[in-house]
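Asker: Sharing a structure here in structure tokens format.
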Amino acid sequence: MTRVLRSRPWLLCGGPLALSALVACGGGGGKAAQPAKTVIQNKGSDTMVNVAQVWAEEYRKAAPDVEVEVSGGGSGVGLAALIKGAVDIANASRDIKPSESELATKNTGKTPKEFTVGFDALAVYVHKDNPLSEVTFEQLTDIFAEGGKTTRWSELGVKIPGVTDDTIVRVSRQSSSGTYEFFREHALGNKDFRLGSRDLNGSKEVVELVGSTPTAIGYSGMGYATPAIKMLKVAKAKGEAAVAPTVAGVHDRSYPLARSLHVYTLGEPEGPVKAYVDWILSDAGQKVVEDSGYVPLPPEQRRKP
């Protein structure tokens with residue numbers, strides 16, 4: 001939780017440095033102690049970890065006495081920490097579950113408060129040389145879900161250049177990931193994933209593996225796109241228009257895997273945590289969202305820091 005690190009007499013040159021160095025050391029008469037520093041604990045979504053790290057860095061310029069410690073692990077990991085009261089802010093690329101909210105209230109006496117901080121297109125990635133340009137939910141289910149029959153690209157009428165074995169390499173996320181849960185719910189119709197996929201810890205790792213594997217297919221946030229991959233157009237059903245994962249497709253929700261990005265606090269935030277959330281929702285924080293490859297909030301939904 002939020003804590004204030006105050007300078008202590010024993011944190012001097014040559015002394016223990018268990019905490020951040022808050023006391024300036026120098027020769028002669030020495031320098032005055034630096035002011036107390038507030039630390040905000042922020043944990044959760046790997047989809048959001050890059051933007052969260054930039055938020056923390058940029059906010060330090062606006063509020064030098066506040067340090068935001070950011071870690072990933074997945075939406076489920078961040079929400080589990082919030083439920084225990086172990087963090088101030090949980091990042092999540094999915095909605096909190098009613099059971100999670102109830103448990104947080106039971107454990108801490110406070111109901112989680114949701115703030116939408118941006119939007120994302122959960123993109124379906126293939127290698128840049130893959131000639132496939134679009135895919136349907138039915139095809140994704142047949143590739144990724146338990147009971148699916150599609151195991152080779154040729155079964156989709158796709159010929160991968162330069163390969164002799166066109167077995168589809170399925171790249172997925174670990175089950176604590178909000179991206180994993182969102183894809184399972186929306187693209188696979190809540191069907192379980194079939195065994196044999198390569199389940200990775202981070203969004204970046206998914207895209208890197210797809211970009212280096214001509215026969216791979218995976219899913220990740222649109223902000224992780226690289227020149228080595230292609231993002232497919234997606235249609236909910238055969239015969240419907242397939243839509244690309246673009247800013248416009250996210251804003252008007254025509255892209256079928258558009259989603260909101262959230263941060264959660266325990267109850268209405270106060271003090272430094274409230275100031276930080278307000279800053280994230282301001283023009284400055286939303287510029288970070290846009291620069292990170294995601295879709296920022298429209299101007300009318302932003303706050304004055």
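Labeling convention for the structure tokens: chains A, B, ... as they appear, residues from 1 per chain, ligands from 1 in order of appearance.
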Out of region 115-170 of chain A, which residues get strand (DSSP E or B) from DSSP, as a list of chain:residue names?
Answerer: A:Phe115, A:Thr116, A:Val117, A:Gly118, A:Phe119, A:Asp120, A:Ala121, A:Leu122, A:Ala123, A:Val124, A:Tyr125, A:Val126, A:His127, A:Glu134, A:Val135, A:Thr136, A:Ala145, A:Arg152, A:Thr167, A:Val169, A:Arg170
Asker: So that I can see what lies close to Thr226 (chain A), please list as a PDB file with N, CA and C atoms, in the first residue's frame the residues with an atom at most 9 Å from it, counting only C-alpha atoms and leaving out residues fewer than 3 positions away in the same chain.
Answerer:
ATOM      1  N   VAL A 207       4.297 -11.712 -29.270  1.00  0.00           N
ATOM      2  CA  VAL A 207       4.521 -11.098 -30.572  1.00  0.00           C
ATOM      3  C   VAL A 207       5.917 -11.451 -31.105  1.00  0.00           C
ATOM      4  N   GLU A 208       6.907 -11.489 -30.223  1.00  0.00           N
ATOM      5  CA  GLU A 208       8.256 -11.843 -30.661  1.00  0.00           C
ATOM      6  C   GLU A 208       8.309 -13.263 -31.211  1.00  0.00           C
ATOM      7  N   GLY A 211       6.574 -13.402 -34.553  1.00  0.00           N
ATOM      8  CA  GLY A 211       7.387 -12.729 -35.560  1.00  0.00           C
ATOM      9  C   GLY A 211       8.589 -13.526 -36.015  1.00  0.00           C
ATOM     10  N   GLY A 223      -0.725  -2.550 -29.079  1.00  0.00           N
ATOM     11  CA  GLY A 223       0.442  -1.731 -28.806  1.00  0.00           C
ATOM     12  C   GLY A 223       1.757  -2.467 -28.936  1.00  0.00           C
ATOM     13  N   ILE A 229       5.448  -8.844 -37.860  1.00  0.00           N
ATOM     14  CA  ILE A 229       4.154  -9.537 -37.787  1.00  0.00           C
ATOM     15  C   ILE A 229       3.101  -8.846 -38.650  1.00  0.00           C
ATOM     16  N   LYS A 230       1.953  -9.487 -38.735  1.00  0.00           N
ATOM     17  CA  LYS A 230       0.784  -8.929 -39.402  1.00  0.00           C
ATOM     18  C   LYS A 230      -0.398  -9.072 -38.446  1.00  0.00           C
TER      19      LYS A 230
END
Asker: How close does region 16-118 of chain A get to region 246-260 of chain A? List, as a Markdown table, each residue of region 16-118 of chain A within 10 Å, its nearest atom pair and the distance in Å to one decimal, counting only C-alpha atoms.
Answerer:
| residue | atom | partner | partner_atom | distance |
| --- | --- | --- | --- | --- |
| A:Ala92 | CA | A:Ser260 | CA | 9.0 |
| A:Ser93 | CA | A:Ser260 | CA | 6.6 |
| A:Arg94 | CA | A:Ser260 | CA | 7.1 |
| A:Asp95 | CA | A:Ser260 | CA | 8.2 |
| A:Phe115 | CA | A:Ser260 | CA | 9.8 |
| A:Thr116 | CA | A:Ser260 | CA | 6.5 |
| A:Val117 | CA | A:Ser260 | CA | 7.7 |
| A:Gly118 | CA | A:Ser260 | CA | 6.1 |
Asker: Which one of A:Leu297, A:Val39, A:Gly74, A:Lys287 sits closest to Leu200 (chain A) if you count only C-alpha atoms?
Answerer: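 Nearest to Leu200 (chain A): A:Gly74.
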Asker: Have a look at CA of Lys238 (chain A) and CA of Leu140 (chain A) and let me know their distance in Å, one decimal.
Answerer: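 Separating CA of Lys238 (chain A) from CA of Leu140 (chain A) is a distance of 11.7 Å.
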